[in-house]
Structure formats: structure tokens, C-alpha cells
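Trainee: Below is the file work15.pdb, which contains PDB, C-alpha atoms.
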ATOM      1  CA  MET R  93      -0.595 -22.427   8.195
ATOM      2  CA  LEU R  94      -0.557 -25.924   6.821
ATOM      3  CA  SER R  95       2.664 -27.710   6.001
ATOM      4  CA  LEU R  96       2.124 -30.248   3.288
ATOM      5  CA  LYS R  97       4.263 -32.809   1.493
ATOM      6  CA  LYS R  98       3.561 -34.801  -1.641
ATOM      7  CA  ASN R  99       3.545 -38.064   0.313
ATOM      8  CA  GLN R 100       0.158 -36.970   1.727
ATOM      9  CA  LYS R 101      -1.298 -37.672  -1.694
ATOM     10  CA  GLN R 102      -5.024 -37.112  -1.204
ATOM     11  CA  LEU R 103      -4.698 -33.930   0.850
ATOM     12  CA  TYR R 104      -1.931 -32.618  -1.435
ATOM     13  CA  LYS R 105      -4.122 -33.162  -4.504
ATOM     14  CA  ALA R 106      -7.096 -31.475  -2.822
ATOM     15  CA  VAL R 107      -5.072 -28.412  -1.780
ATOM     16  CA  HIS R 108      -3.417 -28.177  -5.197
ATOM     17  CA  ALA R 109      -6.828 -28.370  -6.899
ATOM     18  CA  TYR R 110      -8.212 -25.719  -4.521
ATOM     19  CA  PHE R 111      -5.403 -23.279  -5.371
ATOM     20  CA  TYR R 112      -5.833 -24.032  -9.074
ATOM     21  CA  LYS R 113      -9.602 -23.463  -8.890
ATOM     22  CA  ALA R 114      -9.165 -20.199  -6.973
ATOM     23  CA  GLU R 115      -6.592 -18.919  -9.461
ATOM     24  CA  ARG R 116      -8.684 -19.973 -12.462
ATOM     25  CA  GLU R 117     -11.641 -18.025 -11.033
ATOM     26  CA  HIS R 118      -9.416 -15.004 -10.252
ATOM     27  CA  TYR R 119      -9.926 -15.552  -6.504
ATOM     28  CA  GLU R 120     -13.562 -14.498  -6.770
ATOM     29  CA  GLY R 121     -15.279 -15.273  -3.467
ATOM     30  CA  VAL R 122     -12.012 -16.467  -1.886
ATOM     31  CA  ASP R 123     -10.001 -14.511   0.677
ATOM     32  CA  CYS R 124      -6.466 -14.402  -0.713
ATOM     33  CA  ASP R 125      -3.438 -12.652   0.716
ATOM     34  CA  THR R 126      -0.094 -12.514  -1.061
ATOM     35  CA  PHE R 127       3.318 -12.034   0.470
ATOM     36  CA  GLU R 128       6.778 -11.520  -0.966
ATOM     37  CA  GLU R 129      10.060 -12.156   0.802
ATOM     38  CA  ILE R 130      13.511 -11.173  -0.443
ATOM     39  CA  ASP R 131      16.681 -12.425   1.237
ATOM     40  CA  ALA R 132      20.239 -11.601   0.260
ATOM     41  CA  GLY R 133      23.322 -13.403   1.436
ATOM     42  CA  HIS R 134      26.307 -15.403   0.264
ATOM     43  CA  GLY R 135      26.222 -13.593  -3.078
ATOM     44  CA  ARG R 136      22.654 -14.691  -3.831
ATOM     45  CA  ILE R 137      19.264 -13.076  -3.807
ATOM     46  CA  LYS R 138      16.318 -15.302  -2.958
ATOM     47  CA  GLN R 139      12.841 -14.119  -3.796
ATOM     48  CA  ARG R 140       9.821 -16.044  -2.533
ATOM     49  CA  PHE R 141       6.151 -15.489  -3.216
ATOM     50  CA  TYR R 142       3.428 -16.812  -0.969
ATOM     51  CA  LYS R 143      -0.337 -17.008  -1.368
ATOM     52  CA  LYS R 144      -2.552 -17.598   1.626
ATOM     53  CA  LEU R 145      -6.080 -18.852   1.089
ATOM     54  CA  ASN R 146      -8.523 -19.544   3.869
ATOM     55  CA  ILE R 147      -9.510 -23.178   4.119
ATOM     56  CA  THR R 148     -13.160 -23.720   3.339
ATOM     57  CA  ASN R 149     -15.451 -26.725   3.407
ATOM     58  CA  TRP R 150     -14.330 -27.289  -0.191
ATOM     59  CA  LEU R 151     -11.432 -29.258   1.307
ATOM     60  CA  SER R 152     -13.073 -32.353   2.716
ATOM     61  CA  GLU R 153     -10.095 -33.258   4.927
ATOM     62  CA  ALA R 154      -9.560 -29.772   6.380
ATOM     63  CA  GLU R 155     -10.438 -30.748   9.942
ATOM     64  CA  GLU R 156      -8.056 -33.707   9.904
TER      65      GLU R 156
END
Would you write the structure of this file as C-alpha cells?

Mentor:
Amino acid sequence: MLSLKKNQKQLYKAVHAYFYKAEREHYEGVDCDTFEEIDAGHGRIKQRFYKKLNITNWLSEAEE
């Protein structure tokens, strides 16, 4: 798991581009898992969707 904020501009752009590329290519050749989480409380229902992609050498700063 990698926590990422927009103030890490280069890495954020690289990860965003990687997800975009994977989605555009329909995740062909990329291991992708999806998760859904639903929480209810305080009169609200929160629904979250997650996509997990394995980091590859496509991300040049992955080791850092």
C-alpha cells in the first residue's frame, strides 16, 4: 500500500498516469484487484471503491 499526496508532484503524476494507462488498456497485462467498502452511520451511507495495481518498473520512483 502506498499513501500518496498531491504535494509529491512527480510521484503523484507517475502513479496517476499509470492508473490511467492501465484503465485505458482495460488492465491487460496488469494485475488489478478491486474492493468495495460500505459503511453506514450517523444517517449516512458511505461507499468507497478501491483499485489495487501492482507496482512495476513502469514507475521509475517505485523503490524510493

Trainee: Any idea what the distance is between atom CA of Phe111 of chain R and atom CA of Asp125 of chain R?

Mentor: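 Calculated distance between atom CA of Phe111 of chain R and atom CA of Asp125 of chain R is 12.4 Å.
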
Trainee: With only C-alpha atoms as the counted atoms, please give the residues lying no more than 7 Å from Cys124 of chain R, apart from itself and same-chain residues fewer than 5 positions off, as a list in words.

Mentor: Tyr119, Lys143, Lys144 and Leu145 of chain R

Trainee: Could you expand the PyMOL selection byres ((chain R and resi 93-101) around 10) into the explicit residues it covers here, written as a PDB file with C-alpha atoms, in the coordinates of the input?

Mentor:
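That gives us out16.pdb:
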ATOM      1  CA  GLN R 102      -5.024 -37.112  -1.204  1.00  0.00           C
ATOM      2  CA  LEU R 103      -4.698 -33.930   0.850  1.00  0.00           C
ATOM      3  CA  TYR R 104      -1.931 -32.618  -1.435  1.00  0.00           C
ATOM      4  CA  LYS R 105      -4.122 -33.162  -4.504  1.00  0.00           C
ATOM      5  CA  ALA R 106      -7.096 -31.475  -2.822  1.00  0.00           C
ATOM      6  CA  VAL R 107      -5.072 -28.412  -1.780  1.00  0.00           C
ATOM      7  CA  LYS R 144      -2.552 -17.598   1.626  1.00  0.00           C
ATOM      8  CA  LEU R 145      -6.080 -18.852   1.089  1.00  0.00           C
ATOM      9  CA  ASN R 146      -8.523 -19.544   3.869  1.00  0.00           C
ATOM     10  CA  ILE R 147      -9.510 -23.178   4.119  1.00  0.00           C
ATOM     11  CA  ALA R 154      -9.560 -29.772   6.380  1.00  0.00           C
TER      12      ALA R 154
END

Trainee: Taking the file as shown, find all residues satisfying the PyMOL selection byres ((chain R and resi 129) around 6) and write them as number ranges by chain.

Mentor: R: 128, 130, 139-140

Trainee: In Å, rounded to a single decimal, give me how far atom CA of Tyr112 of chain R is from atom CA of Ile137 of chain R.

Mentor: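 It comes out at 27.9 Å.
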
Trainee: Taking all atoms of segment 135-143 of chain R that appear in the file, build a box with edges along x, y and z, extend it by 4 Å on every side, and state its centre and edge lengths in Å to one decimal, as lines of an AutoDock Vina configuration file.

Mentor:
center_x = 12.9
center_y = -15.0
center_z = -2.4
size_x = 34.6
size_y = 11.9
size_z = 10.9

Trainee: Please compute the atom CA of Asp123 of chain R-atom CA of Lys138 of chain R distance, one decimal, in Å.

Mentor: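 Between atom CA of Asp123 of chain R and atom CA of Lys138 of chain R the gap works out to 26.6 Å.
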
Trainee: Here is a test: counting only C-alpha atoms, which residue of R:Thr148, R:His134, R:Phe141, R:Phe127 is nearest to Ala114 of chain R?

Mentor: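 For Ala114 of chain R, the nearest of the given residues is R:Thr148.
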